[in-house]
$ cat input19.tsv   # TSV, C-alpha atoms
chain	number	residue	atom	x	y	z
A	21	MET	CA	-24.03	-34.99	6.88
A	22	ILE	CA	-23.58	-31.43	5.63
A	23	VAL	CA	-26.42	-29.11	6.57
A	24	LEU	CA	-26.88	-26.47	3.88
A	25	ALA	CA	-27.00	-22.93	5.11
A	26	PRO	CA	-29.90	-20.82	3.86
A	27	PRO	CA	-29.01	-18.56	0.93
A	28	ILE	CA	-27.67	-15.16	1.93
A	29	PRO	CA	-30.00	-12.39	0.75
A	30	ARG	CA	-28.48	-9.85	-1.58
A	31	SER	CA	-28.21	-6.44	0.04
A	32	ARG	CA	-29.25	-3.28	-1.75
A	33	ALA	CA	-25.95	-1.80	-0.58
A	34	TYR	CA	-24.14	-3.62	-3.41
A	35	ARG	CA	-24.27	-2.59	-7.02
A	36	THR	CA	-23.24	-4.28	-10.24
A	37	VAL	CA	-19.92	-3.59	-11.96
A	38	LYS	CA	-19.87	-0.26	-13.75
A	39	ALA	CA	-17.32	2.03	-15.36
A	40	PRO	CA	-14.68	3.68	-13.13
A	41	ARG	CA	-15.39	7.11	-11.77
A	42	PRO	CA	-13.66	9.96	-13.62
A	43	THR	CA	-11.43	11.00	-10.71
A	44	TYR	CA	-8.28	8.94	-10.26
A	45	HIS	CA	-6.61	9.74	-6.97
A	46	GLU	CA	-6.10	12.73	-4.69
A	47	PRO	CA	-2.55	12.83	-3.30
A	48	VAL	CA	-2.40	12.50	0.48
A	49	MET	CA	-0.37	14.96	2.59
A	50	LEU	CA	0.98	16.66	-0.54
A	51	GLU	CA	2.22	19.82	1.18
A	52	GLU	CA	4.13	17.89	3.85
A	53	THR	CA	5.60	15.54	1.25
A	54	LEU	CA	6.91	18.39	-0.89
A	55	ARG	CA	8.47	20.05	2.14
A	56	PHE	CA	10.63	17.00	2.86
A	57	LEU	CA	11.41	15.99	-0.72
A	58	ALA	CA	12.38	19.58	-1.65
A	59	PRO	CA	11.85	19.21	-5.42
A	60	ALA	CA	14.00	21.50	-7.58
A	61	PRO	CA	15.72	21.46	-10.98
A	62	GLY	CA	18.55	18.94	-11.02
A	63	ARG	CA	17.09	16.71	-8.28
A	64	VAL	CA	16.22	13.12	-9.21
A	65	ILE	CA	13.23	11.87	-7.22
A	66	VAL	CA	11.57	8.45	-7.39
A	67	ASP	CA	7.83	8.16	-6.80
A	68	CYS	CA	7.78	4.46	-5.95
A	69	THR	CA	3.98	4.17	-5.99
A	70	LEU	CA	2.97	6.36	-8.92
A	71	GLY	CA	-0.79	5.74	-8.68
A	72	GLY	CA	-2.75	8.71	-9.96
A	73	GLY	CA	0.38	10.84	-10.33
A	74	GLY	CA	-0.70	13.61	-7.96
A	75	HIS	CA	2.56	13.71	-6.02
A	76	THR	CA	4.58	13.30	-9.21
A	77	ALA	CA	2.82	16.17	-10.98
A	78	ALA	CA	3.65	18.52	-8.11
A	79	LEU	CA	7.28	17.36	-8.07
A	80	LEU	CA	7.57	17.90	-11.82
A	81	GLY	CA	5.97	21.32	-11.50
A	82	ALA	CA	8.76	22.31	-9.11
A	83	GLY	CA	11.37	21.32	-11.69
A	84	ALA	CA	12.52	17.94	-10.40
A	85	GLU	CA	13.22	14.95	-12.61
A	86	VAL	CA	10.84	12.18	-11.54
A	87	ILE	CA	10.95	8.44	-12.10
A	88	GLY	CA	7.53	6.94	-11.44
A	89	ILE	CA	7.32	3.26	-10.54
A	90	ASP	CA	4.07	1.28	-10.50
A	91	GLN	CA	3.15	-2.35	-11.09
A	92	ASP	CA	-0.35	-1.44	-12.29
A	93	PRO	CA	-0.44	-0.90	-16.07
A	94	ASP	CA	-3.53	1.32	-15.63
A	95	ALA	CA	-1.45	3.73	-13.53
A	96	ILE	CA	1.37	3.79	-16.08
A	97	ALA	CA	-1.00	4.45	-18.99
A	98	HIS	CA	-2.91	7.11	-17.04
A	99	ASN	CA	0.25	9.03	-16.18
A	100	GLU	CA	1.74	8.79	-19.64
A	101	ARG	CA	-1.31	10.74	-20.78
A	102	LYS	CA	-1.61	13.02	-17.77
A	103	LEU	CA	2.06	13.98	-17.64
A	104	ALA	CA	2.75	14.10	-21.38
A	105	ASP	CA	3.86	17.75	-21.14
A	106	TRP	CA	6.84	16.65	-19.01
A	107	THR	CA	8.30	14.21	-21.54
A	108	GLY	CA	12.01	13.95	-20.81
A	109	GLN	CA	11.57	15.13	-17.24
A	110	PHE	CA	9.23	12.27	-16.30
A	111	ARG	CA	10.10	8.61	-16.80
A	112	PRO	CA	7.46	5.96	-15.95
A	113	VAL	CA	8.70	2.45	-15.16
A	114	ARG	CA	6.41	-0.51	-14.71
A	115	GLY	CA	7.44	-2.78	-11.87
A	116	ASN	CA	7.42	-3.31	-8.12
A	117	PHE	CA	9.34	-0.88	-5.94
A	118	ALA	CA	10.83	-3.88	-4.11
A	119	ASP	CA	12.97	-4.21	-7.26
A	120	ALA	CA	13.85	-0.51	-7.38
A	121	GLY	CA	17.58	-1.18	-7.80
A	122	SER	CA	17.24	-3.28	-10.95
A	123	LEU	CA	14.42	-1.12	-12.33
A	124	LEU	CA	16.51	2.05	-12.06
A	125	ASP	CA	19.60	0.28	-13.33
A	126	SER	CA	17.65	-0.64	-16.48
A	127	ILE	CA	17.26	3.07	-17.29
A	128	GLY	CA	20.80	4.02	-16.30
A	129	VAL	CA	20.16	5.47	-12.84
A	130	SER	CA	22.36	4.39	-9.92
A	131	THR	CA	21.74	7.07	-7.28
A	132	ILE	CA	18.78	9.29	-6.41
A	133	ASP	CA	18.22	12.42	-4.36
A	134	ALA	CA	14.91	11.44	-2.80
A	135	ALA	CA	12.17	8.81	-2.84
A	136	LEU	CA	8.51	8.64	-1.88
A	137	LEU	CA	6.53	5.57	-0.83
A	138	ASP	CA	2.80	6.30	-0.68
A	139	LEU	CA	1.50	2.89	0.33
A	140	GLY	CA	-1.94	1.36	0.09
A	141	VAL	CA	-4.51	1.24	-2.68
A	142	SER	CA	-5.25	4.14	-5.00
A	143	SER	CA	-8.73	5.65	-5.21
A	144	HIS	CA	-8.91	4.43	-8.80
A	145	GLN	CA	-8.28	0.83	-7.73
A	146	LEU	CA	-10.84	1.07	-4.91
A	147	ASP	CA	-13.45	2.68	-7.15
A	148	THR	CA	-13.01	0.25	-10.05
A	149	ALA	CA	-15.26	-2.69	-9.21
A	150	ALA	CA	-13.56	-4.98	-11.73
A	151	ARG	CA	-10.34	-4.84	-9.68
A	152	GLY	CA	-12.07	-6.43	-6.69
A	153	PHE	CA	-10.51	-4.32	-3.92
A	154	SER	CA	-13.75	-3.03	-2.41
A	155	PHE	CA	-17.16	-4.40	-1.49
A	156	GLN	CA	-18.94	-1.12	-2.24
A	157	GLU	CA	-19.71	-2.46	-5.71
A	158	ASP	CA	-19.84	-6.08	-6.82
A	159	GLY	CA	-16.91	-7.37	-8.83
A	160	PRO	CA	-14.55	-10.33	-9.14
A	161	LEU	CA	-12.70	-11.25	-5.95
A	162	ASP	CA	-9.33	-10.25	-7.38
A	163	MET	CA	-7.27	-7.61	-5.46
A	164	ARG	CA	-4.10	-7.96	-7.54
A	165	MET	CA	-2.26	-4.64	-7.87
A	166	ASP	CA	-0.40	-6.23	-10.77
A	167	PRO	CA	-3.14	-7.80	-12.92
A	168	SER	CA	-0.60	-10.27	-14.32
A	169	GLY	CA	0.02	-11.73	-10.86
A	170	LEU	CA	-0.68	-15.44	-10.51
A	171	ILE	CA	-2.71	-15.46	-7.26
A	172	SER	CA	-5.99	-13.64	-6.68
A	173	ALA	CA	-8.04	-13.26	-3.51
A	174	ALA	CA	-10.50	-15.83	-4.87
A	175	ASP	CA	-7.66	-18.32	-5.18
A	176	LEU	CA	-6.77	-17.82	-1.53
A	177	VAL	CA	-10.24	-18.08	-0.04
A	178	ASN	CA	-11.13	-21.13	-2.11
A	179	ALA	CA	-7.89	-23.10	-1.70
A	180	MET	CA	-6.33	-22.28	1.67
A	181	SER	CA	-7.16	-24.28	4.77
A	182	ALA	CA	-9.29	-22.71	7.48
A	183	GLU	CA	-6.17	-22.49	9.67
A	184	GLN	CA	-4.24	-20.61	6.98
A	185	LEU	CA	-7.11	-18.20	6.37
A	186	GLU	CA	-7.50	-17.60	10.09
A	187	ARG	CA	-3.82	-16.71	10.33
A	188	ILE	CA	-4.09	-14.25	7.43
A	189	PHE	CA	-7.19	-12.55	8.85
A	190	ARG	CA	-5.65	-12.35	12.33
A	191	ASP	CA	-2.10	-11.33	11.39
A	192	TYR	CA	-2.81	-9.01	8.45
A	193	GLY	CA	-6.27	-7.73	9.33
A	194	GLU	CA	-6.16	-7.92	13.15
A	195	GLU	CA	-9.64	-9.39	12.82
A	196	PRO	CA	-11.06	-10.52	16.21
A	197	HIS	CA	-13.47	-12.97	14.51
A	198	ALA	CA	-10.77	-14.50	12.29
A	199	ARG	CA	-11.48	-18.12	13.24
A	200	LYS	CA	-15.25	-17.82	12.91
A	201	ILE	CA	-14.97	-16.25	9.45
A	202	ALA	CA	-12.35	-18.72	8.25
A	203	LEU	CA	-14.46	-21.71	9.32
A	204	ARG	CA	-17.54	-20.29	7.59
A	205	ILE	CA	-15.56	-19.76	4.38
A	206	ALA	CA	-14.23	-23.33	4.50
A	207	ARG	CA	-17.80	-24.63	4.94
A	208	ASP	CA	-19.57	-22.46	2.39
A	209	ARG	CA	-17.06	-22.99	-0.42
A	210	LEU	CA	-17.91	-26.71	-0.40
A	211	ILE	CA	-21.36	-25.69	-1.61
A	212	ARG	CA	-20.36	-22.83	-3.90
A	213	PRO	CA	-16.93	-21.21	-4.46
A	214	LEU	CA	-16.59	-17.58	-3.44
A	215	LYS	CA	-16.04	-15.68	-6.69
A	216	THR	CA	-17.10	-12.07	-6.14
A	217	THR	CA	-16.67	-9.32	-3.59
A	218	ARG	CA	-20.38	-9.55	-2.90
A	219	ASP	CA	-20.10	-13.28	-2.16
A	220	LEU	CA	-17.49	-12.68	0.54
A	221	ALA	CA	-18.87	-9.44	1.98
A	222	GLU	CA	-22.41	-10.75	2.40
A	223	MET	CA	-21.19	-14.03	3.88
A	224	ILE	CA	-19.22	-12.10	6.53
A	225	GLU	CA	-22.12	-9.75	7.24
A	226	ALA	CA	-24.41	-12.74	7.76
A	227	ILE	CA	-22.33	-13.99	10.69
A	228	ILE	CA	-20.81	-10.71	12.02
A	229	PRO	CA	-23.60	-8.10	12.20
A	230	ARG	CA	-22.78	-4.58	11.08
A	231	ARG	CA	-22.23	-2.05	13.87
A	232	GLY	CA	-21.98	1.60	12.93
A	233	HIS	CA	-20.70	2.67	9.52
A	234	THR	CA	-17.84	0.15	9.24
A	235	HIS	CA	-18.65	-3.00	7.29
A	236	PRO	CA	-17.68	-6.17	9.23
A	237	GLY	CA	-15.71	-7.39	6.22
A	238	THR	CA	-13.33	-4.42	6.15
A	239	ARG	CA	-10.49	-6.13	8.04
A	240	VAL	CA	-10.81	-9.35	6.05
A	241	PHE	CA	-10.62	-7.48	2.74
A	242	GLN	CA	-7.52	-5.63	3.97
A	243	ALA	CA	-5.90	-8.89	5.06
A	244	LEU	CA	-6.55	-10.61	1.74
A	245	ARG	CA	-5.20	-7.63	-0.21
A	246	ILE	CA	-2.00	-7.67	1.85
A	247	ALA	CA	-1.61	-11.43	1.35
A	248	VAL	CA	-2.32	-11.37	-2.39
A	249	ASN	CA	0.22	-8.60	-3.03
A	250	ARG	CA	2.72	-9.70	-0.33
A	251	GLU	CA	2.67	-6.07	0.80
A	252	LEU	CA	4.64	-6.41	4.04
A	253	GLU	CA	7.41	-8.44	2.42
A	254	VAL	CA	7.52	-5.99	-0.48
A	255	LEU	CA	7.75	-3.05	1.93
A	256	GLU	CA	10.72	-4.54	3.81
A	257	ARG	CA	12.57	-5.28	0.57
A	258	GLY	CA	11.72	-1.88	-0.88
A	259	LEU	CA	13.01	0.05	2.12
A	260	ALA	CA	16.36	-1.76	1.87
A	261	GLU	CA	16.55	-1.18	-1.90
A	262	LEU	CA	15.84	2.55	-1.62
A	263	THR	CA	18.31	2.97	1.22
A	264	SER	CA	21.09	1.66	-1.02
A	265	LEU	CA	20.09	4.03	-3.84
A	266	LEU	CA	19.95	7.27	-1.83
A	267	ALA	CA	22.85	9.68	-2.33
A	268	PRO	CA	24.39	11.28	0.78
A	269	GLY	CA	21.85	13.81	2.04
A	270	GLY	CA	19.07	11.99	0.19
A	271	VAL	CA	15.58	11.90	1.71
A	272	LEU	CA	13.14	9.00	2.03
A	273	VAL	CA	9.47	9.75	2.78
A	274	VAL	CA	6.97	6.98	3.56
A	275	ILE	CA	3.20	7.37	3.97
A	276	THR	CA	1.44	4.40	5.55
A	277	PHE	CA	-2.25	3.66	6.09
A	278	HIS	CA	-2.38	0.89	8.67
A	279	SER	CA	-0.47	-0.13	11.77
A	280	LEU	CA	1.32	-3.14	10.25
A	281	GLU	CA	2.99	-1.00	7.59
A	282	ASP	CA	3.76	1.80	10.01
A	283	ARG	CA	5.39	-0.60	12.47
A	284	ILE	CA	7.75	-1.92	9.79
A	285	VAL	CA	8.72	1.60	8.70
A	286	LYS	CA	9.11	2.81	12.28
A	287	ASN	CA	11.42	-0.05	13.25
A	288	PHE	CA	13.43	0.17	10.03
A	289	PHE	CA	14.05	3.90	10.51
A	290	LYS	CA	14.61	3.65	14.26
A	291	HIS	CA	17.36	1.07	13.91
A	292	ARG	CA	19.17	3.00	11.16
A	293	CYS	CA	18.88	6.30	13.01
A	294	ALA	CA	20.64	4.89	16.11
A	295	GLU	CA	24.38	5.58	16.11
A	296	TRP	CA	24.98	3.29	19.09
A	297	LEU	CA	23.43	0.02	20.19
A	298	ASP	CA	23.33	-1.27	23.74
A	299	ARG	CA	22.25	-4.59	25.22
A	300	PRO	CA	22.25	-5.79	28.83
A	301	GLU	CA	24.73	-8.57	28.07
A	302	TRP	CA	27.26	-6.21	26.47
A	303	PRO	CA	29.95	-4.58	28.66
A	304	GLU	CA	29.51	-1.29	26.78
A	305	PRO	CA	27.53	0.16	23.83
A	306	ARG	CA	28.66	-0.73	20.34
A	307	ARG	CA	28.54	1.35	17.19
A	308	ASN	CA	25.62	0.43	14.93
A	309	PRO	CA	26.92	-0.87	11.57
A	310	ASP	CA	23.55	0.05	9.99
A	311	TYR	CA	23.65	3.67	11.15
A	312	LEU	CA	22.73	5.58	7.98
A	313	PHE	CA	19.95	8.08	8.69
A	314	ARG	CA	18.91	11.04	10.76
A	315	ALA	CA	15.21	11.33	11.52
A	316	LEU	CA	13.32	14.25	10.00
A	317	THR	CA	10.13	13.35	11.89
A	318	ARG	CA	10.33	12.51	15.60
A	319	LYS	CA	6.78	11.17	15.46
A	320	PRO	CA	4.68	10.38	12.40
A	321	LEU	CA	2.84	13.32	10.89
A	322	THR	CA	-0.88	13.03	10.20
A	323	ALA	CA	-3.11	14.85	7.74
A	324	SER	CA	-4.54	18.19	8.81
A	325	ASP	CA	-8.16	18.46	9.91
A	326	ALA	CA	-8.96	20.34	6.72
A	327	GLU	CA	-7.46	17.59	4.54
A	328	GLN	CA	-9.26	14.87	6.47
A	329	ARG	CA	-12.57	16.66	5.89
A	330	ARG	CA	-11.78	17.11	2.20
A	331	ASN	CA	-10.33	13.63	1.64
A	332	PRO	CA	-11.58	11.02	4.15
A	333	ARG	CA	-9.00	8.49	2.91
A	334	SER	CA	-6.27	10.63	4.48
A	335	ARG	CA	-7.58	10.03	8.01
A	336	SER	CA	-5.42	6.97	8.63
A	337	ALA	CA	-2.30	8.31	6.88
A	338	LYS	CA	0.99	8.58	8.78
A	339	LEU	CA	4.09	10.18	7.28
A	340	ARG	CA	7.66	9.42	8.38
A	341	ALA	CA	10.82	10.85	6.83
A	342	VAL	CA	14.57	10.32	7.16
A	343	GLN	CA	17.67	11.76	5.54
A	344	ARG	CA	20.78	9.79	4.62
A	345	LEU	CA	23.88	10.94	6.46
A	346	THR	CA	26.42	12.90	4.47
A	347	GLU	CA	29.47	11.39	6.21
$ encode --input "input19.tsv" --output "structure tokens"
Amino acid sequence: MIVLAPPIPRSRAYRTVKAPRPTYHEPVMLEETLRFLAPAPGRVIVDCTLGGGGHTAALLGAGAEVIGIDQDPDAIAHNERKLADWTGQFRPVRGNFADAGSLLDSIGVSTIDAALLDLGVSSHQLDTAARGFSFQEDGPLDMRMDPSGLISAADLVNAMSAEQLERIFRDYGEEPHARKIALRIARDRLIRPLKTTRDLAEMIEAIIPRRGHTHPGTRVFQALRIAVNRELEVLERGLAELTSLLAPGGVLVVITFHSLEDRIVKNFFKHRCAEWLDRPEWPEPRRNPDYLFRALTRKPLTASDAEQRRNPRSRSAKLRAVQRLTE
């Protein structure tokens, strides 16, 4: 016999869907990014996550030619309007940066001087309830960065087994209550499918009480977003694609916002910055066939105190940069 849980009361903290806020996105660590990318006339730079176009606008203002990649049609349309004065110098391309090679080939570009990966979700996506990335306002449980994608967050929570959901919450969200939340989802969806951000957020808050300012559903929402958009797989593919496109002396800058992304970038750069490899079972060190970069940042840079006060979303940002060897 299934015992029905009492209905979860609707919190006043959630609001109905409304129009997006007028601001789109404030670029994170802009000054540091420009220092490494060194924009100048004649340099071809790829902004692999165009978003609100803040980094791209600064690069264009310094004279660089910029190719802006984004899978979100809203971002492409926004920047076509915002950056209209740079027609000819700015080329927007809709797609996923994991396919950077084929995307650039389609517009006749085979090598680039620099690339930027500013990972995560844009402020516009977070603030637009209809996109379903945030529980601050009620909206459909979507989370697709590319709205034409086949799988939404609602599809995952309503179709995956409790074991699969637990693995996603644990591996992608590092959620300590992953099993408890997954089991509750599997039970509740038998009564009523989870369709909105409010449905999921309030269900989690009913079993994991809020402590402090952080909502107990934060890690679960992050995990679902990563799973829906295959973000870690895309990051690994994208790093390899961009490496092959960089000209000798070319620079790659990556800004991450959580430990899973940063770990992938750190390990990718570390391996390709090592000229020699050594293992206990080898009689002597061997030259690294993947040796391609020199590190421009020994440790990841973080946003300044002033920027963190001005833009709270920069608090978790970490910037790493490498330069392709010239020999």
$ atom_distance --input "input19.tsv" --atom1 "CA of Thr276 (chain A)" --atom2 "CA of Gly140 (chain A)"
7.1 Å
$ closest_residue --input "input19.tsv" --among "A:Arg187, A:Arg340, A:Arg335, A:Arg314" --to "Lys286 (chain A)" --atoms "only C-alpha atoms"
A:Arg340
$ residues_around --input "input19.tsv" --residues "Ala179 (chain A)" --least-positions-apart "6" --cutoff "12 Å" --atoms "only C-alpha atoms" --output "list in words"
Ile171, Ser172, Ala173, Leu185, Ala202, Ile205, Ala206, Arg209, Leu210, Pro213 and Leu214 of chain A
$ closest_atom_pairs --input "input19.tsv" --of "region 227-315 of chain A" --to "region 56-78 of chain A" --cutoff "9 Å" --atoms "all atoms listed in the file" --output "tab-separated table"
residue	atom	partner	partner_atom	distance
A:Gly270	CA	A:Leu57	CA	8.7
A:Val271	CA	A:Leu57	CA	6.3
A:Leu272	CA	A:Leu57	CA	7.7
A:Val273	CA	A:Phe56	CA	7.3
$ closest_residue --input "input19.tsv" --among "A:Leu220, A:Ala182, A:Leu79, A:Met165" --to "Arg114 (chain A)" --atoms "only C-alpha atoms"
A:Met165
$ closest_residue --input "input19.tsv" --among "A:Val177, A:Thr263, A:Asn116, A:Glu46" --to "Arg333 (chain A)" --atoms "only C-alpha atoms"
A:Glu46
$ decode --input "input19.tsv" --residues "region 50-82 of chain A" --atoms "N, CA and C atoms" --output "CSV table (one decimal), in the first residue's frame"
chain,number,residue,atom,x,y,z
A,50,LEU,N,37.1,40.2,-15.9
A,50,LEU,CA,37.3,40.7,-17.2
A,50,LEU,C,38.8,41.2,-17.3
A,51,GLU,N,39.2,42.0,-16.3
A,51,GLU,CA,40.6,42.5,-16.4
A,51,GLU,C,41.6,41.5,-16.5
A,52,GLU,N,41.5,40.4,-15.7
A,52,GLU,CA,42.5,39.3,-15.8
A,52,GLU,C,42.4,38.6,-17.1
A,53,THR,N,41.2,38.4,-17.6
A,53,THR,CA,41.0,37.7,-18.9
A,53,THR,C,41.7,38.5,-20.1
A,54,LEU,N,41.5,39.8,-20.1
A,54,LEU,CA,42.1,40.6,-21.1
A,54,LEU,C,43.6,40.6,-21.1
A,55,ARG,N,44.1,40.5,-19.8
A,55,ARG,CA,45.6,40.5,-19.7
A,55,ARG,C,46.2,39.3,-20.4
A,56,PHE,N,45.6,38.2,-20.2
A,56,PHE,CA,46.1,36.9,-20.8
A,56,PHE,C,45.8,36.8,-22.3
A,57,LEU,N,44.6,37.2,-22.7
A,57,LEU,CA,44.2,37.1,-24.1
A,57,LEU,C,44.9,38.1,-25.0
A,58,ALA,N,45.3,39.2,-24.4
A,58,ALA,CA,46.1,40.3,-25.1
A,58,ALA,C,45.4,40.7,-26.5
A,59,PRO,N,44.2,41.1,-26.4
A,59,PRO,CA,43.5,41.5,-27.7
A,59,PRO,C,44.1,42.7,-28.4
A,60,ALA,N,44.2,42.6,-29.7
A,60,ALA,CA,44.9,43.6,-30.5
A,60,ALA,C,44.4,43.4,-32.0
A,61,PRO,N,44.5,44.5,-32.8
A,61,PRO,CA,44.2,44.3,-34.2
A,61,PRO,C,45.0,43.2,-34.8
A,62,GLY,N,44.3,42.3,-35.6
A,62,GLY,CA,45.0,41.2,-36.3
A,62,GLY,C,44.9,39.9,-35.5
A,63,ARG,N,44.6,40.0,-34.2
A,63,ARG,CA,44.4,38.7,-33.5
A,63,ARG,C,43.0,38.2,-33.6
A,64,VAL,N,43.0,36.8,-33.8
A,64,VAL,CA,41.7,36.1,-33.9
A,64,VAL,C,41.4,35.4,-32.6
A,65,ILE,N,40.4,35.8,-31.9
A,65,ILE,CA,40.1,35.2,-30.6
A,65,ILE,C,38.7,34.6,-30.6
A,66,VAL,N,38.5,33.4,-30.0
A,66,VAL,CA,37.2,32.8,-30.0
A,66,VAL,C,36.7,32.9,-28.5
A,67,ASP,N,35.5,33.5,-28.4
A,67,ASP,CA,34.8,33.4,-27.1
A,67,ASP,C,33.9,32.2,-27.2
A,68,CYS,N,34.2,31.1,-26.6
A,68,CYS,CA,33.5,29.9,-26.8
A,68,CYS,C,32.2,29.8,-26.1
A,69,THR,N,32.0,30.7,-25.1
A,69,THR,CA,30.7,30.8,-24.4
A,69,THR,C,30.3,32.2,-24.4
A,70,LEU,N,29.7,32.7,-25.5
A,70,LEU,CA,29.4,34.1,-25.7
A,70,LEU,C,28.6,34.7,-24.7
A,71,GLY,N,27.5,34.0,-24.3
A,71,GLY,CA,26.6,34.6,-23.2
A,71,GLY,C,26.1,36.0,-23.5
A,72,GLY,N,26.3,36.9,-22.5
A,72,GLY,CA,25.9,38.2,-22.6
A,72,GLY,C,26.8,39.1,-23.5
A,73,GLY,N,28.0,38.6,-23.9
A,73,GLY,CA,28.9,39.3,-24.8
A,73,GLY,C,29.8,40.3,-24.1
A,74,GLY,N,29.9,40.3,-22.7
A,74,GLY,CA,30.7,41.2,-22.0
A,74,GLY,C,32.2,41.1,-22.3
A,75,HIS,N,32.7,39.8,-22.3
A,75,HIS,CA,34.1,39.6,-22.6
A,75,HIS,C,34.3,40.0,-24.1
A,76,THR,N,33.4,39.6,-25.0
A,76,THR,CA,33.6,39.8,-26.4
A,76,THR,C,33.6,41.3,-26.7
A,77,ALA,N,32.7,42.1,-26.1
A,77,ALA,CA,32.7,43.5,-26.3
A,77,ALA,C,34.0,44.2,-26.0
A,78,ALA,N,34.6,43.8,-24.9
A,78,ALA,CA,35.9,44.3,-24.5
A,78,ALA,C,37.0,43.9,-25.5
A,79,LEU,N,37.0,42.6,-25.9
A,79,LEU,CA,38.0,42.2,-26.9
A,79,LEU,C,37.9,42.9,-28.2
A,80,LEU,N,36.6,43.2,-28.7
A,80,LEU,CA,36.4,43.9,-29.9
A,80,LEU,C,36.9,45.4,-29.7
A,81,GLY,N,36.6,45.9,-28.6
A,81,GLY,CA,37.0,47.3,-28.3
A,81,GLY,C,38.5,47.5,-28.4
A,82,ALA,N,39.3,46.4,-28.1
A,82,ALA,CA,40.7,46.5,-28.2
A,82,ALA,C,41.2,46.2,-29.6
